[in-house]
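my_file_8.cif (mmCIF, C-alpha atoms (C1' of nucleotides))
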data_coords
#
loop_
_atom_site.label_atom_id
_atom_site.label_comp_id
_atom_site.auth_asym_id
_atom_site.auth_seq_id
_atom_site.Cartn_x
_atom_site.Cartn_y
_atom_site.Cartn_z
CA MET A 1 3.22 -5.46 -9.35
CA LEU A 2 6.49 -3.56 -9.75
CA LYS A 3 7.42 -6.24 -12.30
CA ILE A 4 4.44 -5.20 -14.39
CA VAL A 5 5.27 -1.51 -14.14
CA ILE A 6 8.84 -2.21 -15.29
CA LEU A 7 7.71 -4.46 -18.14
CA GLY A 8 5.21 -1.79 -19.14
CA PHE A 9 7.78 0.98 -19.39
CA LEU A 10 10.23 -1.29 -21.19
CA SER A 11 7.51 -2.21 -23.69
CA TYR A 12 7.81 1.37 -25.00
CA ARG A 13 11.59 1.34 -25.41
CA PRO A 14 14.75 -0.15 -23.84
CA GLN A 15 15.85 1.70 -20.72
CA THR A 16 18.31 1.64 -17.84
CA GLY A 17 17.37 1.22 -14.18
CA TYR A 18 18.09 4.86 -13.68
CA GLU A 19 15.69 5.92 -16.44
CA LEU A 20 13.00 3.63 -15.09
CA LYS A 21 13.31 5.29 -11.71
CA GLN A 22 12.80 8.71 -13.37
CA ASN A 23 9.82 7.45 -15.33
CA ILE A 24 8.17 6.00 -12.24
CA ASP A 25 8.80 9.16 -10.23
CA HIS A 26 7.30 11.30 -12.98
CA SER A 27 4.19 9.27 -13.68
CA THR A 28 3.16 6.16 -11.76
CA LYS A 29 4.64 7.34 -8.46
CA TYR A 30 1.41 8.50 -6.87
CA PHE A 31 -0.33 5.19 -7.48
CA TRP A 32 2.71 2.86 -7.57
CA SER A 33 6.04 4.02 -6.23
CA ALA A 34 9.33 2.16 -5.91
CA LYS A 35 12.76 2.72 -4.41
CA GLN A 36 15.85 2.63 -6.55
CA SER A 37 17.22 -0.47 -4.82
CA GLN A 38 14.08 -2.41 -5.47
CA ILE A 39 14.04 -1.47 -9.14
CA TYR A 40 17.56 -2.83 -9.65
CA ARG A 41 16.75 -6.00 -7.75
CA THR A 42 13.57 -6.59 -9.75
CA LEU A 43 15.39 -5.98 -13.05
CA LYS A 44 17.93 -8.63 -12.13
CA GLN A 45 15.18 -11.08 -11.25
CA LEU A 46 13.25 -10.39 -14.46
CA GLU A 47 16.40 -10.97 -16.50
CA LYS A 48 17.07 -14.24 -14.65
CA ASN A 49 13.56 -15.37 -15.63
CA GLY A 50 14.14 -14.48 -19.27
CA LEU A 51 11.64 -11.63 -19.43
CA LEU A 52 14.36 -9.07 -20.10
CA VAL A 53 17.85 -9.01 -21.58
CA SER A 54 20.50 -6.42 -20.81
CA THR A 55 23.48 -5.06 -22.68
CA ILE A 56 26.19 -2.79 -21.36
CA GLU A 57 26.70 0.43 -23.26
CA PRO A 58 30.15 1.78 -22.54
CA GLN A 59 30.38 5.54 -22.06
CA GLU A 60 33.49 7.65 -21.97
CA ASP A 61 32.92 10.32 -19.38
CA ARG A 62 30.11 8.66 -17.37
CA PRO A 63 29.67 5.26 -15.76
CA ASP A 64 28.62 2.57 -18.22
CA ARG A 65 24.88 2.08 -18.75
CA ARG A 66 23.13 -1.27 -18.47
CA VAL A 67 20.25 -1.07 -20.90
CA TYR A 68 17.35 -3.50 -20.46
CA THR A 69 15.22 -4.71 -23.37
CA ILE A 70 11.98 -6.64 -23.02
CA THR A 71 11.93 -10.13 -24.56
CA GLU A 72 9.04 -11.90 -26.28
CA ALA A 73 8.44 -13.85 -23.07
CA GLY A 74 8.38 -10.57 -21.16
CA MET A 75 5.90 -9.05 -23.57
CA LYS A 76 3.73 -12.15 -23.20
CA GLU A 77 3.81 -11.97 -19.40
CA PHE A 78 2.87 -8.31 -19.57
CA THR A 79 -0.05 -8.63 -21.99
CA GLU A 80 -1.34 -11.65 -20.10
CA TRP A 81 -1.48 -9.56 -16.94
CA LEU A 82 -3.28 -6.80 -18.84
CA GLU A 83 -5.92 -9.24 -20.08
CA LYS A 84 -6.58 -10.79 -16.66
CA PRO A 85 -9.24 -8.70 -14.92
CA ILE A 86 -8.69 -7.41 -11.37
CA MET A 87 -11.42 -9.16 -9.40
CA ASP A 88 -11.12 -7.58 -5.96
CA ALA A 89 -11.76 -4.12 -4.55
CA GLN A 90 -8.75 -1.87 -3.99
CA TYR A 91 -7.92 -0.87 -0.42
CA LEU A 92 -5.98 2.09 0.84
CA ARG A 93 -2.90 1.93 3.06
CA ASP A 94 -2.72 5.29 4.74
CA SER A 95 -0.93 5.89 8.02
CA LEU A 96 -2.54 9.32 8.45
CA LEU A 97 -5.95 7.67 8.80
CA VAL A 98 -4.50 5.23 11.35
CA LYS A 99 -3.22 8.21 13.29
CA VAL A 100 -6.55 10.04 13.26
CA PHE A 101 -8.40 6.84 14.15
CA PHE A 102 -6.38 6.42 17.36
CA SER A 103 -5.79 10.09 18.19
CA ALA A 104 -8.21 10.35 21.10
CA TYR A 105 -5.15 9.91 23.32
CA SER A 106 -3.66 13.08 21.80
CA GLU A 107 -4.28 16.68 22.66
CA LYS A 108 -6.53 18.78 20.50
CA GLU A 109 -3.79 21.13 19.30
CA ASP A 110 -1.48 18.24 18.37
CA ILE A 111 -4.10 16.63 16.17
CA LEU A 112 -4.92 19.94 14.51
CA THR A 113 -1.23 20.64 13.89
CA GLN A 114 -0.84 17.23 12.26
CA LEU A 115 -3.86 17.75 10.02
CA ARG A 116 -2.75 21.24 8.98
CA LEU A 117 0.70 19.89 8.18
CA GLN A 118 -0.79 17.21 5.92
CA HIS A 119 -2.93 19.84 4.22
CA SER A 120 0.14 21.82 3.32
CA LEU A 121 2.17 18.72 2.36
CA ALA A 122 -0.58 17.46 0.07
CA HIS A 123 -0.79 20.84 -1.61
CA THR A 124 2.95 21.06 -2.30
CA GLU A 125 2.99 17.45 -3.43
CA TYR A 126 0.10 17.98 -5.80
CA ILE A 127 1.73 20.99 -7.46
CA ARG A 128 4.98 19.06 -7.85
CA LEU A 129 3.29 15.99 -9.28
CA SER A 130 1.16 17.93 -11.77
CA GLU A 131 4.30 19.49 -13.17
CA GLU A 132 6.22 16.25 -13.29
CA LEU A 133 3.32 14.47 -14.92
CA LYS A 134 3.12 17.11 -17.63
CA GLN A 135 6.89 16.81 -18.11
CA GLY A 136 6.68 13.02 -18.23
CA LEU A 137 3.93 13.19 -20.82
CA THR A 138 5.83 15.49 -23.17
CA GLU A 139 9.03 13.45 -22.75
CA ASN A 140 7.21 10.30 -23.74
CA GLN A 141 5.42 12.13 -26.52
CA ALA A 142 8.85 12.68 -28.06
CA ASN A 143 9.70 8.98 -27.78
CA LEU A 144 6.52 7.30 -28.93
CA PRO A 145 5.54 7.32 -32.61
CA ASP A 146 2.24 8.96 -33.58
CA SER A 147 -0.32 6.16 -34.06
CA PRO A 148 -3.62 4.88 -32.63
CA LEU A 149 -1.57 3.21 -29.88
CA PHE A 150 -0.03 6.57 -29.09
CA ASN A 151 -3.37 8.38 -29.06
CA ASN A 152 -4.97 5.76 -26.83
CA THR A 153 -2.00 5.89 -24.46
CA PHE A 154 -2.42 9.60 -23.98
CA LEU A 155 -6.16 9.30 -23.48
CA LEU A 156 -5.58 6.75 -20.71
CA TRP A 157 -2.77 8.74 -19.11
CA GLU A 158 -4.99 11.78 -19.01
CA ASN A 159 -7.67 9.79 -17.21
CA VAL A 160 -5.16 8.47 -14.69
CA ARG A 161 -3.90 12.02 -14.15
CA GLN A 162 -7.46 13.08 -13.42
CA PHE A 163 -7.70 10.40 -10.75
CA GLY A 164 -4.73 12.01 -9.02
CA GLU A 165 -6.33 15.42 -9.28
CA MET A 166 -9.67 14.25 -7.91
CA TYR A 167 -7.98 12.30 -5.14
CA TYR A 168 -5.91 15.24 -3.93
CA GLU A 169 -8.94 17.53 -4.05
CA MET A 170 -10.97 15.05 -2.03
CA VAL A 171 -8.21 14.67 0.56
CA GLN A 172 -7.90 18.44 0.95
CA LYS A 173 -11.65 18.80 1.38
CA TRP A 174 -11.66 16.01 3.97
CA LEU A 175 -8.77 17.58 5.87
CA GLU A 176 -10.59 20.91 5.96
CA GLN A 177 -13.86 19.50 7.22
CA THR A 178 -12.07 17.27 9.75
CA ILE A 179 -10.08 20.23 11.10
CA GLN A 180 -13.34 22.13 11.50
CA SER A 181 -15.10 19.19 13.13
CA ILE A 182 -12.29 18.79 15.69
CA GLU A 183 -12.05 22.52 16.35
CA GLU A 184 -15.75 22.59 17.15
CA ASN A 185 -16.35 19.28 18.92
CA TYR A 186 -13.17 17.77 20.34
CA ILE A 187 -13.24 17.92 24.15
CA GLU A 188 -10.08 19.49 25.45
CA GLU A 189 -9.04 17.77 28.63
CA LYS A 190 -5.92 16.13 29.98
CA MET A 191 -6.64 12.44 29.91
CA GLU A 192 -3.59 11.03 31.67
CA MET B 1 2.37 0.06 10.99
CA LEU B 2 0.39 -3.09 11.78
CA LYS B 3 2.18 -3.03 15.13
CA ILE B 4 0.63 0.34 15.85
CA VAL B 5 -2.84 -0.80 14.82
CA ILE B 6 -2.57 -3.81 17.14
CA LEU B 7 -1.24 -1.75 20.05
CA GLY B 8 -4.05 0.74 19.43
CA PHE B 9 -6.82 -1.85 19.64
CA LEU B 10 -5.22 -3.50 22.67
CA SER B 11 -5.05 -0.11 24.40
CA TYR B 12 -8.85 -0.27 24.66
CA ARG B 13 -8.99 -3.74 26.19
CA PRO B 14 -7.15 -7.11 26.11
CA GLN B 15 -8.02 -9.20 23.06
CA THR B 16 -7.15 -12.39 21.19
CA GLY B 17 -5.67 -12.54 17.69
CA TYR B 18 -9.02 -13.63 16.42
CA GLU B 19 -10.81 -10.61 17.91
CA LEU B 20 -8.15 -8.28 16.53
CA LYS B 21 -8.77 -9.68 13.07
CA GLN B 22 -12.52 -8.96 13.45
CA ASN B 23 -11.83 -5.45 14.70
CA ILE B 24 -9.52 -4.68 11.81
CA ASP B 25 -11.95 -6.11 9.26
CA HIS B 26 -14.77 -4.03 10.68
CA SER B 27 -13.00 -0.70 10.99
CA THR B 28 -9.45 -0.06 9.82
CA LYS B 29 -9.62 -2.52 6.93
CA TYR B 30 -10.19 0.02 4.17
CA PHE B 31 -7.18 2.11 5.16
CA TRP B 32 -5.03 -0.59 6.83
CA SER B 33 -5.80 -4.25 6.28
CA ALA B 34 -3.98 -7.35 7.49
CA LYS B 35 -4.14 -11.10 6.99
CA GLN B 36 -4.74 -13.42 9.90
CA SER B 37 -1.30 -15.01 9.62
CA GLN B 38 0.43 -11.66 9.82
CA ILE B 39 -1.55 -10.62 12.88
CA TYR B 40 -0.47 -13.73 14.78
CA ARG B 41 3.14 -13.27 13.72
CA THR B 42 3.17 -9.62 14.75
CA LEU B 43 1.59 -10.44 18.12
CA LYS B 44 4.36 -12.95 18.79
CA GLN B 45 6.99 -10.39 17.88
CA LEU B 46 5.42 -7.66 20.04
CA GLU B 47 5.34 -10.04 22.98
CA LYS B 48 8.99 -10.96 22.42
CA ASN B 49 9.83 -7.25 22.59
CA GLY B 50 7.91 -6.81 25.84
CA LEU B 51 5.18 -4.58 24.42
CA LEU B 52 2.49 -7.17 25.12
CA VAL B 53 1.95 -10.08 27.49
CA SER B 54 -0.34 -13.02 26.84
CA THR B 55 -2.24 -15.43 29.04
CA ILE B 56 -4.03 -18.56 27.99
CA GLU B 57 -7.67 -18.74 28.95
CA PRO B 58 -8.80 -22.36 28.94
CA GLN B 59 -12.25 -22.99 27.50
CA GLU B 60 -14.23 -26.16 27.73
CA ASP B 61 -16.06 -26.56 24.46
CA ARG B 62 -13.87 -24.32 22.30
CA PRO B 63 -10.13 -24.09 21.62
CA ASP B 64 -8.27 -22.16 24.31
CA ARG B 65 -7.94 -18.42 23.85
CA ARG B 66 -4.62 -16.58 24.03
CA VAL B 67 -5.48 -13.13 25.33
CA TYR B 68 -2.99 -10.33 24.76
CA THR B 69 -2.66 -7.35 27.12
CA ILE B 70 -0.65 -4.23 26.37
CA THR B 71 2.23 -3.47 28.76
CA GLU B 72 3.45 -0.08 29.95
CA ALA B 73 6.28 -0.29 27.42
CA GLY B 74 3.70 -1.05 24.73
CA MET B 75 1.58 1.91 25.73
CA LYS B 76 4.68 4.11 25.65
CA GLU B 77 5.62 2.91 22.15
CA PHE B 78 2.09 3.59 20.99
CA THR B 79 1.71 7.12 22.42
CA GLU B 80 5.18 8.03 21.16
CA TRP B 81 4.11 7.06 17.67
CA LEU B 82 0.94 9.14 18.05
CA GLU B 83 2.95 12.19 19.08
CA LYS B 84 5.45 11.95 16.22
CA PRO B 85 3.98 13.82 13.25
CA ILE B 86 3.82 12.16 9.83
CA MET B 87 6.11 14.31 7.72
CA ASP B 88 5.62 12.92 4.23
CA ALA B 89 2.75 12.85 1.79
CA GLN B 90 0.74 9.65 1.52
CA TYR B 91 0.84 7.74 -1.77
CA LEU B 92 -1.64 5.28 -3.19
CA ARG B 93 -0.87 1.73 -4.25
CA ASP B 94 -3.58 0.82 -6.69
CA SER B 95 -3.19 -1.88 -9.31
CA LEU B 96 -6.30 -0.74 -11.19
CA LEU B 97 -4.57 2.54 -12.03
CA VAL B 98 -1.52 0.60 -13.20
CA LYS B 99 -3.78 -1.40 -15.46
CA VAL B 100 -5.49 1.65 -16.94
CA PHE B 101 -2.14 3.41 -17.38
CA PHE B 102 -0.81 0.59 -19.59
CA SER B 103 -4.07 -0.49 -21.22
CA ALA B 104 -3.42 0.96 -24.65
CA TYR B 105 -2.37 -2.56 -25.64
CA SER B 106 -5.86 -3.80 -24.74
CA GLU B 107 -9.03 -3.74 -26.74
CA LYS B 108 -11.66 -1.14 -26.04
CA GLU B 109 -14.28 -3.59 -24.82
CA ASP B 110 -11.84 -5.30 -22.45
CA ILE B 111 -10.93 -2.03 -20.75
CA LEU B 112 -14.58 -1.04 -20.46
CA THR B 113 -15.49 -4.43 -18.98
CA GLN B 114 -12.73 -4.07 -16.40
CA LEU B 115 -13.86 -0.57 -15.41
CA ARG B 116 -17.51 -1.61 -15.17
CA LEU B 117 -16.52 -4.57 -13.01
CA GLN B 118 -14.62 -2.29 -10.63
CA HIS B 119 -17.60 0.04 -10.49
CA SER B 120 -19.79 -2.78 -9.32
CA LEU B 121 -17.16 -4.20 -6.93
CA ALA B 122 -16.61 -0.80 -5.31
CA HIS B 123 -20.34 -0.39 -4.84
CA THR B 124 -20.81 -3.76 -3.13
CA GLU B 125 -17.71 -3.21 -1.05
CA TYR B 126 -18.89 0.22 0.08
CA ILE B 127 -22.28 -1.08 1.19
CA ARG B 128 -20.60 -3.93 3.07
CA LEU B 129 -18.07 -1.67 4.76
CA SER B 130 -20.63 0.94 5.81
CA GLU B 131 -22.60 -1.76 7.59
CA GLU B 132 -19.56 -3.33 9.21
CA LEU B 133 -18.31 0.05 10.35
CA LYS B 134 -21.63 0.82 11.99
CA GLN B 135 -21.56 -2.61 13.63
CA GLY B 136 -17.97 -2.10 14.78
CA LEU B 137 -18.85 1.26 16.27
CA THR B 138 -21.77 -0.05 18.32
CA GLU B 139 -19.74 -3.06 19.48
CA ASN B 140 -17.00 -0.80 20.73
CA GLN B 141 -19.53 1.58 22.20
CA ALA B 142 -20.55 -1.29 24.46
CA ASN B 143 -16.94 -1.91 25.52
CA LEU B 144 -15.64 1.62 26.09
CA PRO B 145 -16.75 3.59 29.14
CA ASP B 146 -18.57 6.89 28.60
CA SER B 147 -16.01 9.71 29.08
CA PRO B 148 -14.33 12.55 27.15
CA LEU B 149 -11.93 9.93 25.76
CA PHE B 150 -14.92 7.97 24.53
CA ASN B 151 -16.60 11.01 22.98
CA ASN B 152 -13.43 12.09 21.22
CA THR B 153 -12.88 8.57 19.93
CA PHE B 154 -16.29 8.53 18.29
CA LEU B 155 -15.80 11.97 16.82
CA LEU B 156 -12.55 10.84 15.20
CA TRP B 157 -14.01 7.53 14.00
CA GLU B 158 -16.86 9.38 12.37
CA ASN B 159 -14.38 11.56 10.51
CA VAL B 160 -12.41 8.54 9.35
CA ARG B 161 -15.63 6.90 8.21
CA GLN B 162 -16.39 10.02 6.18
CA PHE B 163 -13.02 9.67 4.45
CA GLY B 164 -14.10 6.22 3.31
CA GLU B 165 -17.39 7.55 2.08
CA MET B 166 -15.82 10.42 0.16
CA TYR B 167 -13.16 8.16 -1.28
CA TYR B 168 -15.62 5.61 -2.62
CA GLU B 169 -17.81 8.35 -4.07
CA MET B 170 -14.82 9.89 -5.81
CA VAL B 171 -13.71 6.54 -7.22
CA GLN B 172 -17.19 5.86 -8.57
CA LYS B 173 -17.34 9.27 -10.21
CA TRP B 174 -13.91 8.75 -11.75
CA LEU B 175 -14.87 5.31 -13.07
CA GLU B 176 -18.01 6.76 -14.66
CA GLN B 177 -16.24 9.62 -16.37
CA THR B 178 -13.39 7.37 -17.49
CA ILE B 179 -15.82 4.85 -18.99
CA GLN B 180 -17.47 7.70 -20.86
CA SER B 181 -14.17 9.14 -22.01
CA ILE B 182 -13.04 5.76 -23.38
CA GLU B 183 -16.40 5.04 -25.00
CA GLU B 184 -16.17 8.34 -26.85
CA ASN B 185 -12.48 8.66 -27.66
CA TYR B 186 -10.64 5.33 -27.60
CA ILE B 187 -9.66 4.30 -31.11
CA GLU B 188 -10.81 0.76 -31.82
CA GLU B 189 -8.23 -1.00 -33.91
CA LYS B 190 -6.32 -4.25 -33.76
CA MET B 191 -2.79 -3.25 -32.86
CA GLU B 192 -0.96 -6.58 -33.08
"C1'" DT C 1 -25.20 -32.70 6.23
"C1'" DA C 2 -22.69 -28.82 5.23
"C1'" DT C 3 -20.97 -24.43 6.51
"C1'" DA C 4 -20.16 -20.55 9.46
"C1'" DA C 5 -18.14 -19.10 13.71
"C1'" DC C 6 -14.73 -19.94 17.03
"C1'" DA C 7 -9.66 -20.45 17.72
"C1'" DT C 8 -4.54 -20.97 16.75
"C1'" DG C 9 -0.68 -21.46 14.37
"C1'" DT C 10 3.58 -22.61 10.72
"C1'" DA C 11 6.26 -22.56 6.20
"C1'" DA C 12 7.59 -20.75 2.05
"C1'" DC C 13 7.62 -17.12 -0.65
"C1'" DT C 14 7.32 -12.32 -2.39
"C1'" DA C 15 7.78 -7.45 -1.81
"C1'" DG C 16 9.46 -3.27 0.10
"C1'" DT C 17 12.62 -0.15 3.04
"C1'" DT C 18 16.90 1.67 4.93
"C1'" DA C 19 21.45 2.12 4.85
"C1'" DC C 20 25.79 1.49 2.86
"C1'" DA C 21 29.20 2.00 -1.04
"C1'" DT C 22 31.55 4.21 -5.17
"C1'" DG C 23 32.82 7.73 -8.42
"C1'" DA C 24 32.89 11.24 -12.42
"C1'" DT C 25 31.05 15.64 -14.41
"C1'" DT C 26 28.64 19.93 -14.59
"C1'" DG C 27 26.76 24.20 -12.96
"C1'" DG C 28 26.15 27.75 -9.62
"C1'" DC D 1 33.78 24.31 -3.29
"C1'" DC D 2 29.35 22.21 -2.91
"C1'" DA D 3 25.30 20.20 -4.66
"C1'" DA D 4 23.01 17.97 -8.35
"C1'" DT D 5 22.92 14.62 -12.03
"C1'" DC D 6 24.36 10.48 -13.98
"C1'" DA D 7 25.00 5.55 -12.98
"C1'" DT D 8 25.20 1.02 -10.52
"C1'" DG D 9 24.81 -1.98 -7.07
"C1'" DT D 10 24.75 -4.93 -2.15
"C1'" DA D 11 23.26 -6.21 2.70
"C1'" DA D 12 20.26 -6.44 6.34
"C1'" DC D 13 15.99 -5.93 7.73
"C1'" DT D 14 10.88 -5.47 7.83
"C1'" DA D 15 6.40 -6.41 6.04
"C1'" DG D 16 2.93 -8.86 3.59
"C1'" DT D 17 0.75 -12.95 0.98
"C1'" DT D 18 -0.53 -17.70 0.03
"C1'" DA D 19 -1.07 -22.05 1.37
"C1'" DC D 20 -1.09 -25.57 4.66
"C1'" DA D 21 -2.77 -27.69 9.09
"C1'" DT D 22 -6.23 -28.87 12.95
"C1'" DG D 23 -10.42 -29.26 15.50
"C1'" DT D 24 -15.25 -28.20 17.87
"C1'" DT D 25 -20.01 -26.51 18.13
"C1'" DA D 26 -24.16 -24.36 16.63
"C1'" DT D 27 -27.30 -23.52 13.09
"C1'" DA D 28 -29.70 -23.67 8.75
#

Mind turning the file's structure into structure tokens?
Amino acid sequence: MLKIVILGFLSYRPQTGYELKQNIDHSTKYFWSAKQSQIYRTLKQLEKNGLLVSTIEPQEDRPDRRVYTITEAGMKEFTEWLEKPIMDAQYLRDSLLVKVFFSAYSEKEDILTQLRLQHSLAHTEYIRLSEELKQGLTENQANLPDSPLFNNTFLLWENVRQFGEMYYEMVQKWLEQTIQSIEENYIEEKME
Amino acid sequence: MLKIVILGFLSYRPQTGYELKQNIDHSTKYFWSAKQSQIYRTLKQLEKNGLLVSTIEPQEDRPDRRVYTITEAGMKEFTEWLEKPIMDAQYLRDSLLVKVFFSAYSEKEDILTQLRLQHSLAHTEYIRLSEELKQGLTENQANLPDSPLFNNTFLLWENVRQFGEMYYEMVQKWLEQTIQSIEENYIEEKME
DNA sequence: TATAACATGTAACTAGTTACATGATTGG
DNA sequence: CCAATCATGTAACTAGTTACATGTTATA
């Protein structure tokens, strides 16, 4: 999947691993994140398979940049993935839910503290992401030419942004009602 | 993380790999899923590290069962994980959002078909999971003794179930509004 | 007669995380 | 002077997926 994300960003314009990391952190991060080391490794692999080519741009006062460009084969791989429908339901992978699920061994106040912490983390994270998404959008606005492709891109990005907004709102609401439910009904008692 | 899920289920009662797979599929699946092969591999590893022990129960008309029991060290590892707060925000990993994000290269009808398909998949999946969760709850109700621990467990499971419900409702709402937004605003035009 | 449920596992591959490693420039 | 930004990468480890492999019994 990271391959697709990388091919997707490179379909807009050639970029370095460093720039790809910024792009991911400012836009796809909340639904597909990646570590720097994995980005570089995947770039190398994609180049080996002929989906990308790289050239080194020497710089005087900074380290040289390795700029990756998507090839025709890469573009083909990418559009073929786009055309192939996703046939299965998406599942979450959320360690907080695992923790709540098994927390009957924990004390009431510890669970509540954990839930309140996540409430505050999610809030901070949402503010940060909204700003970075806006920033990412305007940055890319400067780099993409005005066209139907451009207009459609922004329409889709706005819808994806809304998913993030709705998701964070839902999570906050769930945290609030769960905190209340535990405050009212969790039986406080040393179990071991 | 799968380690924790396995230790958690084994903290209730000894179980085989096969039973663990059923348990996961009927309860934690939508927030932490695992394939059969990975469950067996993780069990082996946990036993090697002394967190579990296994005994073979011979059966006459069926293959023998390898029943895993959590050790004191395993219980310690598990409760230590429970006590350690999760300090970072949770991110999604959703290939549908990746697809929508990059779909400006696709034709209007193809995107709409994909979104409508996901709407129907999520619906079916939600119905299935609700039933399996109910089933999983009653099964475990039969196996856990009635106590404060038991009552707290069911309170927490009900809250986790509600997360699933709210999540699926949110996704459906987002799919509907996104379909509408694309129907109304996506510019239909051959781009290449 | 076919398939679902019971039951266990391995092999090969793909993906992701953590930690290490280097080094210049700019701004506070 | 310290932290941030720019810039690239490797090594070791951990986790997850796909496919292969075997075999019985009950039920529809």

Quick one: contact table of chain D to chain A, 9 Å max, nearest atom pair and distance in Å to one decimal per residue, counting all atoms listed in the file, chain and number order, as CSV?
residue,atom,partner,partner_atom,distance
D:DC6,C1',A:Arg62,CA,6.9
D:DA7,C1',A:Pro63,CA,5.4
D:DT8,C1',A:Pro63,CA,8.1
D:DG9,C1',A:Tyr40,CA,7.7

So that I can see what lies close to A:Leu46, please list as a ChimeraX atom specification the residues with an atom at most 9 Å from it, counting all atoms listed in the file and leaving out residues fewer than 6 positions away in the same chain. /A:3,7,52-53,74

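Nearest residue to C:DG16, choosing from A:Met87, A:Leu2, A:Tyr12, A:Gln38 and counting only C-alpha atoms (C1' of nucleotides): A:Gln38.
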
Restrict the calculation to all atoms listed in the file, then for each residue of chain C with any atom at most 9 Å from an atom of chain A give the closest atom pair and their distance in Å to one decimal, rows by chain and rising residue number, as JSON lines.
{"residue": "C:DA15", "atom": "C1'", "partner": "A:Gln38", "partner_atom": "CA", "distance": 8.9}
{"residue": "C:DG16", "atom": "C1'", "partner": "A:Gln38", "partner_atom": "CA", "distance": 7.3}
{"residue": "C:DT17", "atom": "C1'", "partner": "A:Lys35", "partner_atom": "CA", "distance": 8.0}
{"residue": "C:DG23", "atom": "C1'", "partner": "A:Pro63", "partner_atom": "CA", "distance": 8.4}
{"residue": "C:DA24", "atom": "C1'", "partner": "A:Arg62", "partner_atom": "CA", "distance": 6.2}
{"residue": "C:DT25", "atom": "C1'", "partner": "A:Asp61", "partner_atom": "CA", "distance": 7.5}

Enumerate, as a PDB file with C-alpha atoms, keeping the file's coordinate frame, the residues matched when the PyMOL selection byres ((chain B and resi 159-175) around 9) is run on the file above.
ATOM      1  CA  LEU A  97      -5.950   7.670   8.800  1.00  0.00           C
ATOM      2  CA  VAL A  98      -4.500   5.230  11.350  1.00  0.00           C
ATOM      3  CA  VAL A 100      -6.550  10.040  13.260  1.00  0.00           C
ATOM      4  CA  PHE A 101      -8.400   6.840  14.150  1.00  0.00           C
ATOM      5  CA  ASN A 159      -7.670   9.790 -17.210  1.00  0.00           C
ATOM      6  CA  GLN A 162      -7.460  13.080 -13.420  1.00  0.00           C
ATOM      7  CA  PHE A 163      -7.700  10.400 -10.750  1.00  0.00           C
ATOM      8  CA  MET A 166      -9.670  14.250  -7.910  1.00  0.00           C
ATOM      9  CA  TYR A 167      -7.980  12.300  -5.140  1.00  0.00           C
ATOM     10  CA  MET A 170     -10.970  15.050  -2.030  1.00  0.00           C
ATOM     11  CA  VAL A 171      -8.210  14.670   0.560  1.00  0.00           C
ATOM     12  CA  TRP A 174     -11.660  16.010   3.970  1.00  0.00           C
ATOM     13  CA  GLN A 177     -13.860  19.500   7.220  1.00  0.00           C
ATOM     14  CA  THR A 178     -12.070  17.270   9.750  1.00  0.00           C
ATOM     15  CA  SER A 181     -15.100  19.190  13.130  1.00  0.00           C
TER      16      SER A 181
ATOM     17  CA  SER B  27     -13.000  -0.700  10.990  1.00  0.00           C
ATOM     18  CA  TYR B  30     -10.190   0.020   4.170  1.00  0.00           C
ATOM     19  CA  PHE B  31      -7.180   2.110   5.160  1.00  0.00           C
ATOM     20  CA  LEU B 115     -13.860  -0.570 -15.410  1.00  0.00           C
ATOM     21  CA  ARG B 116     -17.510  -1.610 -15.170  1.00  0.00           C
ATOM     22  CA  GLN B 118     -14.620  -2.290 -10.630  1.00  0.00           C
ATOM     23  CA  HIS B 119     -17.600   0.040 -10.490  1.00  0.00           C
ATOM     24  CA  ALA B 122     -16.610  -0.800  -5.310  1.00  0.00           C
ATOM     25  CA  HIS B 123     -20.340  -0.390  -4.840  1.00  0.00           C
ATOM     26  CA  TYR B 126     -18.890   0.220   0.080  1.00  0.00           C
ATOM     27  CA  LEU B 129     -18.070  -1.670   4.760  1.00  0.00           C
ATOM     28  CA  SER B 130     -20.630   0.940   5.810  1.00  0.00           C
ATOM     29  CA  LEU B 133     -18.310   0.050  10.350  1.00  0.00           C
ATOM     30  CA  PHE B 154     -16.290   8.530  18.290  1.00  0.00           C
ATOM     31  CA  LEU B 155     -15.800  11.970  16.820  1.00  0.00           C
ATOM     32  CA  LEU B 156     -12.550  10.840  15.200  1.00  0.00           C
ATOM     33  CA  TRP B 157     -14.010   7.530  14.000  1.00  0.00           C
ATOM     34  CA  GLU B 158     -16.860   9.380  12.370  1.00  0.00           C
ATOM     35  CA  GLU B 176     -18.010   6.760 -14.660  1.00  0.00           C
ATOM     36  CA  GLN B 177     -16.240   9.620 -16.370  1.00  0.00           C
ATOM     37  CA  THR B 178     -13.390   7.370 -17.490  1.00  0.00           C
ATOM     38  CA  ILE B 179     -15.820   4.850 -18.990  1.00  0.00           C
ATOM     39  CA  GLN B 180     -17.470   7.700 -20.860  1.00  0.00           C
TER      40      GLN B 180
END

What is the distance between atom CA of A:Met75 and atom CA of B:Lys99, in Å to one decimal?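 Rounded to one decimal, the two atoms are 14.8 Å apart.
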
Could you expand the PyMOL selection byres ((chain B and resi 78) around 10) into the explicit residues it covers here, written as a VMD selection string? (chain A and resid 102 105) or (chain B and resid 3 to 8 11 51 70 72 to 77 79 to 83)

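Reported to one decimal place, the separation of atom CA of B:Lys29 from atom CA of B:Glu125 is 11.4 Å.
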
Measure the distance from atom CA of A:Ser95 to atom CA of B:Ile86 in Å and round it to one decimal.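 Separating atom CA of A:Ser95 from atom CA of B:Ile86 is a distance of 8.1 Å.
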
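Those residues returned by the PyMOL selection byres ((chain C and resi 26) around 9) for this file are DT25 and DG27 of chain C; DA4 and DT5 of chain D.
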